[in-house]
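Pasted below: input.txt, compact mmCIF, C-alpha atoms and all ligand atoms.
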```
# COMPACT_ATOMS: atom_id res chain seq x y z
CA MET A 1 -20.77 -4.13 -32.70
CA ILE A 2 -20.77 -4.35 -28.89
CA THR A 3 -22.97 -7.11 -27.54
CA ILE A 4 -23.62 -8.10 -23.93
CA LYS A 5 -24.97 -11.57 -23.28
CA THR A 6 -26.95 -11.12 -20.08
CA ALA A 7 -26.26 -12.94 -16.85
CA LEU A 8 -28.84 -15.66 -17.43
CA CYS A 9 -27.43 -16.71 -20.83
CA LYS A 10 -25.43 -19.93 -20.85
CA ASN A 11 -22.41 -18.10 -22.27
CA SER A 12 -23.04 -14.77 -20.51
CA THR A 13 -20.63 -11.82 -20.67
CA ARG A 14 -18.57 -12.39 -17.54
CA VAL A 15 -16.55 -9.92 -15.51
CA MET A 16 -14.12 -11.13 -12.86
CA LEU A 17 -13.10 -8.64 -10.21
CA LEU A 18 -9.71 -9.33 -8.67
CA GLY A 19 -10.15 -7.57 -5.35
CA SER A 20 -13.60 -7.00 -3.89
CA GLY A 21 -13.36 -3.91 -1.69
CA GLU A 22 -15.50 -0.78 -1.75
CA LEU A 23 -14.20 0.33 -5.15
CA GLY A 24 -14.85 -3.15 -6.55
CA LYS A 25 -18.37 -3.01 -5.12
CA GLU A 26 -19.16 0.10 -7.17
CA ILE A 27 -17.62 -1.49 -10.30
CA ALA A 28 -19.73 -4.61 -9.66
CA ILE A 29 -22.89 -2.48 -9.39
CA GLU A 30 -22.09 -0.80 -12.71
CA CYS A 31 -21.52 -4.23 -14.33
CA GLN A 32 -24.84 -5.44 -12.88
CA ARG A 33 -26.52 -2.39 -14.41
CA MET A 34 -25.19 -3.52 -17.79
CA GLY A 35 -26.66 -7.00 -17.20
CA MET A 36 -23.34 -8.82 -17.05
CA GLU A 37 -22.44 -11.76 -14.83
CA VAL A 38 -20.18 -10.63 -11.99
CA ILE A 39 -17.66 -12.85 -10.23
CA ALA A 40 -16.01 -11.32 -7.18
CA VAL A 41 -12.62 -12.61 -5.98
CA ASP A 42 -10.70 -11.75 -2.83
CA ARG A 43 -8.73 -13.42 -0.06
CA TYR A 44 -11.57 -13.18 2.48
CA SER A 45 -15.28 -13.98 2.35
CA ASN A 46 -18.11 -11.45 2.34
CA ALA A 47 -15.90 -8.68 1.00
CA PRO A 48 -17.96 -5.60 -0.10
CA ALA A 49 -18.19 -6.48 -3.84
CA MET A 50 -19.23 -10.05 -3.01
CA HIS A 51 -22.54 -8.70 -1.66
CA VAL A 52 -23.48 -7.56 -5.17
CA ALA A 53 -21.86 -10.31 -7.28
CA HIS A 54 -23.36 -13.48 -8.76
CA ARG A 55 -20.56 -15.65 -7.39
CA GLN A 56 -17.46 -15.38 -5.26
CA HIS A 57 -14.09 -17.10 -4.95
CA ILE A 58 -11.82 -16.88 -1.93
CA ILE A 59 -8.23 -17.34 -3.06
CA ASP A 60 -4.72 -16.02 -2.49
CA MET A 61 -4.36 -13.78 -5.56
CA LEU A 62 -0.58 -13.59 -5.05
CA ASN A 63 -0.41 -17.33 -5.65
CA ALA A 64 0.08 -17.88 -9.40
CA LYS A 65 -1.44 -21.37 -9.44
CA GLU A 66 -4.55 -20.43 -7.48
CA LEU A 67 -5.11 -17.32 -9.58
CA GLU A 68 -4.72 -19.13 -12.90
CA ARG A 69 -6.99 -21.94 -11.78
CA CYS A 70 -9.72 -19.53 -10.74
CA ILE A 71 -9.55 -17.62 -14.04
CA THR A 72 -9.53 -20.74 -16.21
CA ILE A 73 -12.50 -22.23 -14.36
CA GLU A 74 -14.59 -19.09 -14.83
CA GLN A 75 -13.36 -18.04 -18.32
CA PRO A 76 -14.21 -14.35 -17.80
CA ASN A 77 -14.54 -12.01 -20.80
CA PHE A 78 -13.01 -9.22 -18.71
CA ILE A 79 -10.55 -9.50 -15.83
CA VAL A 80 -10.76 -6.31 -13.76
CA PRO A 81 -8.05 -5.89 -11.11
CA GLU A 82 -9.26 -3.76 -8.19
CA ILE A 83 -6.17 -3.99 -5.99
CA GLU A 84 -2.40 -4.20 -6.54
CA SER A 85 -1.75 -7.40 -4.53
CA ILE A 86 -2.10 -9.78 -7.44
CA ASP A 87 0.39 -12.05 -9.17
CA THR A 88 0.55 -9.81 -12.23
CA ASN A 89 2.91 -12.18 -14.10
CA THR A 90 -0.03 -14.57 -14.34
CA LEU A 91 -2.14 -11.78 -15.86
CA VAL A 92 0.59 -11.03 -18.40
CA LYS A 93 0.72 -14.72 -19.35
CA LEU A 94 -3.06 -15.12 -19.57
CA GLU A 95 -3.40 -11.98 -21.67
CA LYS A 96 -1.04 -13.56 -24.19
CA ASN A 97 -3.39 -16.56 -24.24
CA GLY A 98 -6.30 -14.31 -25.23
CA TYR A 99 -7.78 -13.15 -21.92
CA ARG A 100 -8.73 -9.49 -21.67
CA VAL A 101 -7.16 -7.73 -18.67
CA VAL A 102 -8.48 -4.21 -17.86
CA PRO A 103 -6.98 -1.86 -18.86
CA SER A 104 -3.98 -4.04 -19.91
CA ALA A 105 -1.79 -6.60 -18.16
CA TYR A 106 1.25 -4.40 -18.82
CA ALA A 107 -0.43 -1.41 -17.10
CA VAL A 108 -1.40 -3.51 -14.08
CA HIS A 109 2.04 -5.13 -13.84
CA THR A 110 4.03 -1.90 -14.24
CA THR A 111 2.02 0.32 -11.87
CA MET A 112 1.99 -2.11 -8.94
CA ASN A 113 5.77 -1.78 -8.70
CA ARG A 114 7.18 1.65 -7.79
CA LYS A 115 10.47 0.75 -9.46
CA LEU A 116 8.95 -0.17 -12.82
CA ILE A 117 6.67 2.87 -12.99
CA ARG A 118 9.49 5.26 -11.98
CA HIS A 119 11.66 3.74 -14.68
CA LEU A 120 8.97 4.35 -17.29
CA THR A 121 7.95 7.85 -16.18
CA SER A 122 11.20 9.37 -14.94
CA LYS A 123 13.86 7.58 -17.01
CA ILE A 124 12.12 6.82 -20.31
CA LEU A 125 9.45 9.53 -20.58
CA ARG A 126 11.49 12.16 -18.66
CA ILE A 127 8.50 13.30 -16.61
CA PRO A 128 9.32 15.33 -13.47
CA THR A 129 9.07 13.28 -10.24
CA SER A 130 10.49 13.63 -6.73
CA LYS A 131 14.21 12.79 -6.49
CA TYR A 132 14.58 9.11 -5.61
CA GLN A 133 16.90 6.18 -4.97
CA PHE A 134 16.30 2.48 -4.39
CA ALA A 135 17.77 0.22 -1.70
CA SER A 136 17.64 -3.52 -1.16
CA ASN A 137 19.20 -3.71 2.30
CA TYR A 138 19.55 -1.62 5.43
CA GLN A 139 23.11 -0.41 4.74
CA GLU A 140 22.18 0.72 1.26
CA ALA A 141 19.06 2.46 2.59
CA LYS A 142 21.14 4.33 5.14
CA LYS A 143 23.63 5.43 2.51
CA ASN A 144 20.97 6.52 0.04
CA VAL A 145 18.91 8.41 2.62
CA LYS A 146 22.03 10.44 3.36
CA ASN A 147 22.63 10.97 -0.35
CA LEU A 148 19.12 12.33 -0.86
CA GLY A 149 19.01 14.39 2.32
CA PHE A 150 16.24 15.05 4.84
CA PRO A 151 13.29 15.02 4.94
CA CYS A 152 12.58 12.00 2.80
CA ILE A 153 10.19 9.08 2.64
CA ILE A 154 10.84 5.34 2.57
CA LYS A 155 8.22 3.18 0.81
CA PRO A 156 8.26 -0.55 0.00
CA ILE A 157 8.35 -0.83 -3.81
CA MET A 158 5.16 -2.85 -3.60
CA SER A 159 2.56 -1.50 -1.18
CA SER A 160 -0.56 0.67 -1.20
CA SER A 161 -2.63 2.92 1.12
CA GLY A 162 0.53 4.18 2.81
CA LYS A 163 1.43 0.71 4.19
CA GLY A 164 5.05 0.40 5.28
CA GLN A 165 5.76 4.09 4.55
CA SER A 166 7.69 6.43 6.87
CA PHE A 167 8.76 10.03 6.77
CA ILE A 168 12.36 10.47 7.89
CA ASN A 169 13.60 13.74 9.32
CA HIS A 170 16.75 12.54 11.02
CA GLU A 171 19.42 9.88 10.69
CA ASN A 172 18.32 8.08 13.85
CA GLU A 173 14.88 7.41 12.33
CA ILE A 174 16.23 5.22 9.52
CA ASP A 175 16.25 1.99 11.62
CA VAL A 176 12.57 2.11 12.47
CA ALA A 177 11.60 3.18 8.95
CA TRP A 178 13.55 0.27 7.44
CA GLU A 179 11.95 -2.22 9.85
CA LYS A 180 8.49 -0.90 9.03
CA SER A 181 9.09 -1.15 5.28
CA GLN A 182 10.08 -4.81 5.70
CA LYS A 183 7.17 -5.66 7.99
CA TYR A 184 4.35 -4.07 6.03
CA GLY A 185 5.49 -4.46 2.42
CA ARG A 186 3.60 -6.93 0.24
CA VAL A 187 6.35 -9.54 0.04
CA GLN A 188 9.19 -10.42 2.35
CA LYS A 189 12.68 -8.91 1.85
CA GLN A 190 11.34 -5.92 0.00
CA GLU A 191 13.34 -3.43 -1.91
CA VAL A 192 12.41 0.15 -1.02
CA ILE A 193 12.21 3.47 -2.81
CA ILE A 194 13.50 6.51 -0.94
CA GLU A 195 11.88 9.70 -2.16
CA LYS A 196 12.87 13.23 -1.35
CA TYR A 197 9.99 14.93 0.48
CA ILE A 198 8.16 17.53 -1.60
CA PRO A 199 6.67 20.37 0.50
CA PHE A 200 3.78 20.60 -1.96
CA ASP A 201 1.22 23.42 -1.98
CA PHE A 202 -1.46 20.86 -2.83
CA GLU A 203 -1.82 17.38 -4.29
CA PHE A 204 -4.50 16.13 -6.66
CA THR A 205 -5.77 13.17 -8.66
CA LEU A 206 -6.56 13.60 -12.32
CA LEU A 207 -8.99 10.90 -13.45
CA ALA A 208 -8.43 10.04 -17.08
CA VAL A 209 -10.60 7.69 -19.11
CA SER A 210 -8.92 5.95 -21.99
CA SER A 211 -11.64 4.83 -24.39
CA VAL A 212 -12.52 4.10 -28.02
CA ASP A 213 -13.15 7.82 -28.51
CA GLY A 214 -9.86 8.97 -27.01
CA ILE A 215 -8.62 10.04 -23.59
CA HIS A 216 -11.12 12.09 -21.56
CA PHE A 217 -10.51 13.89 -18.26
CA CYS A 218 -12.68 14.52 -15.21
CA LEU A 219 -12.21 17.81 -13.37
CA PRO A 220 -9.17 17.54 -11.05
CA ILE A 221 -9.77 16.13 -7.55
CA GLY A 222 -8.01 17.64 -4.54
CA HIS A 223 -7.46 15.45 -1.50
CA PHE A 224 -6.16 15.37 2.01
CA GLN A 225 -4.14 12.36 3.24
CA GLU A 226 -3.12 11.27 6.71
CA ASN A 227 -0.65 8.41 7.24
CA GLY A 228 -0.86 7.68 3.52
CA ASP A 229 -4.63 7.13 3.62
CA TYR A 230 -7.13 9.56 2.14
CA LYS A 231 -9.48 11.39 4.55
CA SER A 232 -11.37 13.74 2.26
CA SER A 233 -11.45 14.66 -1.41
CA TRP A 234 -13.12 17.43 -3.41
CA GLN A 235 -13.82 18.36 -6.99
CA PRO A 236 -12.84 20.58 -8.68
CA GLN A 237 -9.40 21.40 -7.22
CA LYS A 238 -8.47 24.96 -8.17
CA MET A 239 -5.26 25.40 -10.16
CA SER A 240 -3.81 27.48 -12.96
CA VAL A 241 -4.72 26.71 -16.56
CA ASP A 242 -1.04 26.03 -17.25
CA VAL A 243 -0.63 23.44 -14.46
CA LEU A 244 -3.78 21.58 -15.54
CA LYS A 245 -2.65 21.61 -19.16
CA LYS A 246 0.69 20.10 -18.17
CA ALA A 247 -1.00 17.48 -15.97
CA LYS A 248 -3.16 16.38 -18.89
CA LYS A 249 -0.19 16.21 -21.23
CA ILE A 250 1.80 14.08 -18.76
CA SER A 251 -1.19 11.79 -18.15
CA LYS A 252 -1.72 11.23 -21.86
CA LYS A 253 1.96 10.40 -22.31
CA ILE A 254 1.94 7.76 -19.54
CA ILE A 255 -1.44 6.25 -20.41
CA SER A 256 -0.49 5.86 -24.07
CA GLN A 257 2.49 3.78 -22.94
CA LEU A 258 0.53 1.68 -20.45
CA GLY A 259 -2.22 0.92 -22.97
CA GLY A 260 -5.78 -0.40 -22.80
CA HIS A 261 -9.18 1.07 -22.06
CA GLY A 262 -10.38 2.08 -18.60
CA VAL A 263 -10.04 4.73 -15.91
CA PHE A 264 -6.61 5.81 -14.66
CA GLY A 265 -6.04 7.88 -11.49
CA VAL A 266 -2.99 10.06 -12.01
CA GLU A 267 -1.55 11.57 -8.80
CA PHE A 268 0.34 14.86 -8.85
CA PHE A 269 1.95 17.32 -6.44
CA VAL A 270 2.01 21.06 -7.17
CA TYR A 271 4.84 23.04 -5.64
CA LYS A 272 5.38 26.70 -6.53
CA GLU A 273 3.38 26.29 -9.74
CA LYS A 274 5.54 23.31 -10.75
CA ILE A 275 3.86 20.01 -11.49
CA ILE A 276 5.40 16.79 -10.16
CA PHE A 277 4.11 13.33 -11.07
CA SER A 278 3.70 10.99 -8.09
CA GLU A 279 2.00 7.73 -9.13
CA ILE A 280 -0.76 6.26 -11.29
CA SER A 281 -3.48 3.65 -10.72
CA PRO A 282 -4.81 1.79 -13.78
CA ARG A 283 -8.26 1.64 -12.13
CA PRO A 284 -10.74 3.91 -10.32
CA HIS A 285 -9.04 5.78 -7.48
CA ASP A 286 -10.22 5.98 -3.87
CA THR A 287 -10.17 9.81 -3.89
CA GLY A 288 -12.43 9.56 -6.98
CA MET A 289 -15.33 8.31 -4.85
CA VAL A 290 -16.44 11.95 -4.93
CA THR A 291 -17.56 11.31 -8.54
CA LEU A 292 -20.41 9.20 -7.12
CA ILE A 293 -22.13 12.53 -6.46
CA SER A 294 -20.33 15.03 -8.71
CA GLN A 295 -20.79 13.55 -12.20
CA ASP A 296 -23.45 11.94 -14.39
CA LEU A 297 -21.11 8.97 -14.94
CA SER A 298 -19.02 8.13 -11.85
CA GLU A 299 -15.43 6.90 -12.26
CA PHE A 300 -16.84 3.37 -11.86
CA ALA A 301 -19.43 3.80 -14.61
CA LEU A 302 -16.71 5.32 -16.81
CA HIS A 303 -14.37 2.38 -16.18
CA VAL A 304 -17.01 -0.18 -17.24
CA ARG A 305 -18.13 1.86 -20.22
CA ALA A 306 -14.54 2.27 -21.38
CA PHE A 307 -13.57 -1.42 -21.16
CA LEU A 308 -16.80 -2.45 -22.89
CA GLY A 309 -15.82 -0.19 -25.80
CA ILE A 310 -18.77 2.23 -25.52
CA PRO A 311 -17.78 5.83 -26.39
CA ILE A 312 -17.57 8.22 -23.42
CA ASN A 313 -18.48 11.40 -25.32
CA LYS A 314 -18.75 14.11 -22.66
CA ILE A 315 -18.57 13.80 -18.86
CA ASN A 316 -21.10 16.12 -17.18
CA HIS A 317 -20.08 17.66 -13.87
CA TYR A 318 -22.87 18.68 -11.46
CA GLY A 319 -20.92 21.25 -9.42
CA PRO A 320 -18.65 21.59 -6.36
CA SER A 321 -18.62 18.32 -4.40
CA SER A 322 -16.68 16.47 -1.74
CA SER A 323 -16.29 13.12 -0.01
CA ALA A 324 -15.45 12.50 3.66
CA VAL A 325 -14.29 9.04 4.68
CA LEU A 326 -16.13 7.32 7.55
CA PHE A 327 -13.60 5.43 9.64
CA GLY A 328 -14.13 2.78 12.25
CA LYS A 329 -11.71 3.51 15.06
CA ASN A 330 -10.65 0.99 17.65
CA LEU A 331 -13.49 -1.31 16.66
CA TYR A 332 -13.06 -5.06 16.72
CA GLY A 333 -15.64 -7.53 15.46
CA ASN A 334 -17.97 -8.21 12.58
CA SER A 335 -21.38 -6.77 13.38
CA ILE A 336 -20.98 -3.13 12.48
CA SER A 337 -23.80 -0.59 12.73
CA PHE A 338 -24.14 2.99 11.54
CA SER A 339 -26.43 5.34 13.52
CA ASN A 340 -27.76 8.88 13.51
CA LEU A 341 -28.28 8.72 9.75
CA GLU A 342 -31.28 11.10 9.95
CA ILE A 343 -28.77 13.98 9.96
CA ILE A 344 -27.90 13.38 6.30
CA LYS A 345 -28.93 16.53 4.45
CA LYS A 346 -30.31 17.49 1.07
CA ASN A 347 -27.59 17.09 -1.58
CA GLN A 348 -25.78 14.53 0.55
CA GLN A 349 -25.49 10.77 0.11
CA ILE A 350 -23.80 7.97 2.00
CA ARG A 351 -22.17 4.74 0.88
CA ILE A 352 -21.74 2.03 3.51
CA PHE A 353 -19.22 -0.59 2.38
CA SER A 354 -20.35 -3.47 4.61
CA LYS A 355 -16.92 -4.86 5.42
CA PRO A 356 -17.21 -8.13 7.28
CA LYS A 357 -14.55 -7.78 9.94
CA ILE A 358 -12.55 -4.91 11.25
CA TYR A 359 -9.49 -4.69 13.40
CA GLY A 360 -8.63 -1.28 14.75
CA PHE A 361 -8.82 1.43 12.12
CA ARG A 362 -10.58 0.96 8.78
CA ARG A 363 -12.41 2.86 6.08
CA LEU A 364 -16.04 1.74 6.40
CA GLY A 365 -18.04 4.24 4.40
CA VAL A 366 -18.04 7.59 2.72
CA LEU A 367 -20.24 10.68 3.04
CA LEU A 368 -20.79 12.59 -0.20
CA ASP A 369 -21.89 16.21 -0.52
CA ARG A 370 -22.69 18.76 -3.18
CA SER A 371 -22.75 22.46 -2.21
CA LYS A 372 -22.42 25.95 -3.71
CA THR A 373 -18.64 26.05 -3.31
CA VAL A 374 -15.91 23.50 -2.75
CA GLN A 375 -15.08 25.08 0.63
CA GLU A 376 -18.68 24.76 1.80
CA SER A 377 -18.87 21.21 0.52
CA ILE A 378 -15.73 20.11 2.40
CA LEU A 379 -17.13 21.59 5.63
CA ASN A 380 -20.60 20.11 5.10
CA SER A 381 -19.42 16.58 4.32
CA GLN A 382 -17.02 16.61 7.27
CA ASN A 383 -19.68 17.94 9.66
CA THR A 384 -22.16 15.25 8.74
CA ALA A 385 -19.47 12.53 8.74
CA ASN A 386 -18.40 13.54 12.27
CA LYS A 387 -21.93 13.06 13.60
CA ILE A 388 -22.42 9.53 12.30
CA PHE A 389 -21.79 6.85 14.93
CA ILE A 390 -20.17 3.61 13.92
CA GLN A 391 -20.31 0.79 16.45
CA THR A 392 -19.76 -2.91 16.82
N1 LIG A 401 7.74 12.48 -2.13
C1 LIG A 401 6.70 12.87 -1.39
N2 LIG A 401 6.66 14.13 -0.87
C2 LIG A 401 5.63 14.54 -0.10
N3 LIG A 401 4.58 13.76 0.22
C3 LIG A 401 4.54 12.50 -0.27
C4 LIG A 401 5.59 11.99 -1.10
N4 LIG A 401 5.30 10.72 -1.42
C5 LIG A 401 4.10 10.45 -0.83
N5 LIG A 401 3.64 11.50 -0.13
C6 LIG A 401 2.37 11.57 0.63
O1 LIG A 401 1.96 10.26 0.98
C7 LIG A 401 0.74 9.90 0.28
C8 LIG A 401 0.79 8.44 -0.13
O2 LIG A 401 1.91 8.20 -0.98
P1 LIG A 401 1.80 7.35 -2.31
O3 LIG A 401 3.12 7.31 -2.97
O4 LIG A 401 0.65 7.85 -3.12
O5 LIG A 401 1.50 5.90 -1.72
P2 LIG A 401 0.32 4.86 -1.92
O6 LIG A 401 0.74 4.06 -3.11
O7 LIG A 401 0.33 4.08 -0.67
O8 LIG A 401 -0.93 5.66 -2.18
C9 LIG A 401 0.67 10.88 -0.89
O9 LIG A 401 -0.66 11.06 -1.35
C10 LIG A 401 1.25 12.13 -0.26
O10 LIG A 401 0.32 12.80 0.57
MG MG A 402 -1.19 7.16 -3.75
```

Could you write out this structure as structure tokens?
Ligand SMILES: Nc1ncnc2c1ncn2[C@@H]1O[C@H](COP(=O)(O)OP(=O)(O)O)[C@@H](O)[C@H]1O
Ligand SMILES: [Mg+2]
Amino acid sequence: MITIKTALCKNSTRVMLLGSGELGKEIAIECQRMGMEVIAVDRYSNAPAMHVAHRQHIIDMLNAKELERCITIEQPNFIVPEIESIDTNTLVKLEKNGYRVVPSAYAVHTTMNRKLIRHLTSKILRIPTSKYQFASNYQEAKKNVKNLGFPCIIKPIMSSSGKGQSFINHENEIDVAWEKSQKYGRVQKQEVIIEKYIPFDFEFTLLAVSSVDGIHFCLPIGHFQENGDYKSSWQPQKMSVDVLKKAKKISKKIISQLGGHGVFGVEFFVYKEKIIFSEISPRPHDTGMVTLISQDLSEFALHVRAFLGIPINKINHYGPSSSAVLFGKNLYGNSISFSNLEIIKKNQQIRIFSKPKIYGFRRLGVLLDRSKTVQESILNSQNTANKIFIQT
């Protein structure tokens, strides 16, 4: 029997979010809706999820001691990682001591490292991926880039949102790409993965929910990325029955290995009707923000429902939808305002993340739209997003 002890109970059901960004904020809201006590953790104060949590902790989550101390003080029933920059070895250790990590400490540990997840998917499960090599110093990178051929991409083995990534078209671009991978990777002296560039026809995210009643799928989500950061996403992404069938089969294979209950975002490329696995997040995916308007249970609601052990049954889709990211560009400061909101139309919604401080270029909100067709929806969300002013 599933029981929730509400937030005011002495021994309430407690959820600790490790990472408190905009995705964490939506998870926190879903936990609040279930009456649980929500503890938001991040390395800076007033992060988005902290606005809707009962308590907050500001710690360096890459520091094993600080992380363990925070978890043992709060004794959460569920530890829900929202970002990758966490000392995942601590989560593996604490899981062995009885803590519940969502979806599983092994999933969180393996997917935050491009080397570990490639080993599992490409080497062990024999799933098609881009051709790749690793390198731990500049000379090796140079040699392996030449082995793979141009164009290719260098990525730190631990990074997200396109940080430290470079496309390389020519030998004389290797220097700068190597420097960038070392500067923007999560830890110093980073190993890199070099991937052969795939001139894909389209890329998509398949959201899969692993739950007590099996693995369920949302309709595939198409997306457009610039500099490794997503700009817009839409649902459903059109594709052949065969490609979708293969994508589901691959997802099931990987998720069964990673284990645990929760939402997974599985990223794929499609090139000439061939499906190529790219990466997987053991948590709601940024491109999945479109599900805030497209489904009866968003990816965030599904995540919470899955880790609580409540059956998912059927996910109802409302129709063609899209999301357009609202960026703050060249803004510096901490008093951010959004104007011209009266232009938001019927069948549109906005989410404003309320990030405390911005430097330069950051994702600050998202405009959601539902229309008759996906094409119309992409145009409509983009049009409205373009007319919203963000100022400091
Ligand atoms: N091998 C590749 N070929 C073509 N495009 C790629 C390749 N790897 C990454 N990309 C592009 O860069 C984006 C970000 O890469 P990804 O590996 O998902 O990094 P992150 O972990 O930062 O999201 C992808 O969504 C895709 O648009
Ligand atoms: Mg990605």

Which residue gives the smallest distance to ligand MG 402 (chain A) among A:Lys329, A:His223, A:Arg69, A:Arg363, with only C-alpha atoms and all ligand atoms counted?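 Using only C-alpha atoms and all ligand atoms, the shortest distance to ligand MG 402 (chain A) belongs to A:His223.
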
Pairwise distance for CA of Gly319 (chain A) and CA of Gly262 (chain A), rounded to one decimal in Å: 23.7 Å

At a cut-off of 8 Å, can you tabulate as CSV every residue of chain A near ligand LIG 401 (chain A) together with its closest atom pair and the distance in Å to one decimal, using only C-alpha atoms and all ligand atoms and ordering rows by chain then number?
```
residue,atom,partner,partner_atom,distance
A:Ser130,CA,A:LIG401,N1,5.5
A:Lys131,CA,A:LIG401,N1,7.8
A:Cys152,CA,A:LIG401,N1,6.9
A:Ile153,CA,A:LIG401,N1,6.3
A:Lys155,CA,A:LIG401,O3,7.6
A:Ser159,CA,A:LIG401,O7,6.0
A:Ser160,CA,A:LIG401,O7,3.6
A:Ser161,CA,A:LIG401,O7,3.6
A:Gly162,CA,A:LIG401,O7,3.5
A:Lys163,CA,A:LIG401,O7,6.0
A:Gln165,CA,A:LIG401,O7,7.5
A:Glu195,CA,A:LIG401,N1,5.0
A:Lys196,CA,A:LIG401,N1,5.2
A:Tyr197,CA,A:LIG401,N2,3.7
A:Ile198,CA,A:LIG401,N2,3.8
A:Pro199,CA,A:LIG401,C2,6.0
A:Phe200,CA,A:LIG401,C2,6.6
A:Glu203,CA,A:LIG401,O10,7.0
A:Phe224,CA,A:LIG401,O10,7.1
A:Gln225,CA,A:LIG401,O10,5.2
A:Glu226,CA,A:LIG401,O10,7.2
A:Asn227,CA,A:LIG401,O1,7.0
A:Gly228,CA,A:LIG401,C8,4.1
A:Asp229,CA,A:LIG401,C8,6.7
A:Tyr230,CA,A:LIG401,O9,7.5
A:Glu267,CA,A:LIG401,O4,7.1
A:Phe269,CA,A:LIG401,C2,7.8
A:Ser278,CA,A:LIG401,O3,6.3
A:Glu279,CA,A:LIG401,O4,6.2
```

Store the residues picked out above, limited to C-alpha atoms, as a compact mmCIF listing (two decimals), keeping the file's coordinate frame.
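Okay, selection-v9.txt is ready:
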```txt
# COMPACT_ATOMS: atom_id res chain seq x y z
CA SER A 130 10.49 13.63 -6.73
CA LYS A 131 14.21 12.79 -6.49
CA CYS A 152 12.58 12.00 2.80
CA ILE A 153 10.19 9.08 2.64
CA LYS A 155 8.22 3.18 0.81
CA SER A 159 2.56 -1.50 -1.18
CA SER A 160 -0.56 0.67 -1.20
CA SER A 161 -2.63 2.92 1.12
CA GLY A 162 0.53 4.18 2.81
CA LYS A 163 1.43 0.71 4.19
CA GLN A 165 5.76 4.09 4.55
CA GLU A 195 11.88 9.70 -2.16
CA LYS A 196 12.87 13.23 -1.35
CA TYR A 197 9.99 14.93 0.48
CA ILE A 198 8.16 17.53 -1.60
CA PRO A 199 6.67 20.37 0.50
CA PHE A 200 3.78 20.60 -1.96
CA GLU A 203 -1.82 17.38 -4.29
CA PHE A 224 -6.16 15.37 2.01
CA GLN A 225 -4.14 12.36 3.24
CA GLU A 226 -3.12 11.27 6.71
CA ASN A 227 -0.65 8.41 7.24
CA GLY A 228 -0.86 7.68 3.52
CA ASP A 229 -4.63 7.13 3.62
CA TYR A 230 -7.13 9.56 2.14
CA GLU A 267 -1.55 11.57 -8.80
CA PHE A 269 1.95 17.32 -6.44
CA SER A 278 3.70 10.99 -8.09
CA GLU A 279 2.00 7.73 -9.13
```

What's the 9 Å shell around region 339-354 of chain A, counting only C-alpha atoms, without same-chain residues fewer than 3 positions away, as a ChimeraX atom specification? /A:21-22,25,46-49,51,292-293,326,336,357,363-371,380-381,384-385,387-391

d(CA of Ile275 (chain A), CA of Ala324 (chain A)) in Å: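 About the pair CA of Ile275 (chain A) and CA of Ala324 (chain A): they are 25.7 Å apart.
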
Restricting the calculation to only C-alpha atoms and all ligand atoms: of A:Phe361, A:Phe327, A:Tyr332, A:Phe204, which residue gets closest to ligand MG 402 (chain A)?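 Smallest separation from ligand MG 402 (chain A) among the options: A:Phe204.
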
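The two atoms in question, CA of Arg14 (chain A) and CA of Glu299 (chain A), are spaced 20.2 Å apart.
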
Close residues, Gly35 (chain A) itself excluded, 9 Å, only C-alpha atoms, min 5 positions apart in chain, as a ChimeraX atom specification: /A:4-8,13,30

Excluding region 84-93 of chain A and any residue of its chain fewer than 6 positions from it, enumerate the residues within 9 Å of it, using only C-alpha atoms, and give them as a ChimeraX atom specification. /A:18-19,60-65,67-68,99,101,104-106,108-113,158-160,186,281

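The environment of Lys246 (chain A) within 12 Å, counting only C-alpha atoms and disregarding residues fewer than 3 places along the same chain, consists of Ile127, Pro128, Leu206, Met239, Ser240, Val241, Asp242, Val243, Lys249, Ile250, Ser251, Lys252, Lys253, Phe268, Val270, Glu273, Lys274, Ile275, Ile276 and Phe277 of chain A.
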
Looking at only C-alpha atoms and all ligand atoms, which of A:Asn330, A:Ser377, A:Thr205, A:Gln235 is the one that sits closest to ligand MG 402 (chain A)? A:Thr205

Measuring atom to atom with all atoms listed in the file, identify which of A:Ala53, A:Ile280, A:Val304, A:Ile193 is nearest to ligand MG 402 (chain A).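 Comparing A:Ala53, A:Ile280, A:Val304, A:Ile193 against ligand MG 402 (chain A), the winner is A:Ile280.
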
Draw an axis-aligned box over all listed atoms of region 330-347 of chain A, pad each side with 4 Å, and write its centre and edge lengths in Å, one decimal, as AutoDock Vina command-line options.
```
--center_x -21.0 --center_y 4.6 --center_z 8.0 --size_x 28.6 --size_y 33.7 --size_z 27.2
```

Which residues come within 8 Å of Asn334 (chain A), counting only C-alpha atoms, excluding same-chain residues fewer than 4 positions away, as a count of residues only? 5

Ranking A:Lys123, A:Arg118, A:His261, A:Lys146 by minimum distance to Glu173 (chain A) and counting only C-alpha atoms, which one comes first? A:Lys146

Measuring atom to atom with all atoms listed in the file, identify which of A:Pro311, A:Gly265, A:Gly164, A:Pro76 is nearest to ligand MG 402 (chain A).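 The closest residue to ligand MG 402 (chain A) is A:Gly265.
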
Expected residue set, 10 Å radius at (-25.6, 20.1, -14.5), all atoms listed in the file, as a list in words: Ser294, Gln295, Asp296, Asn316, His317, Tyr318 and Gly319 of chain A
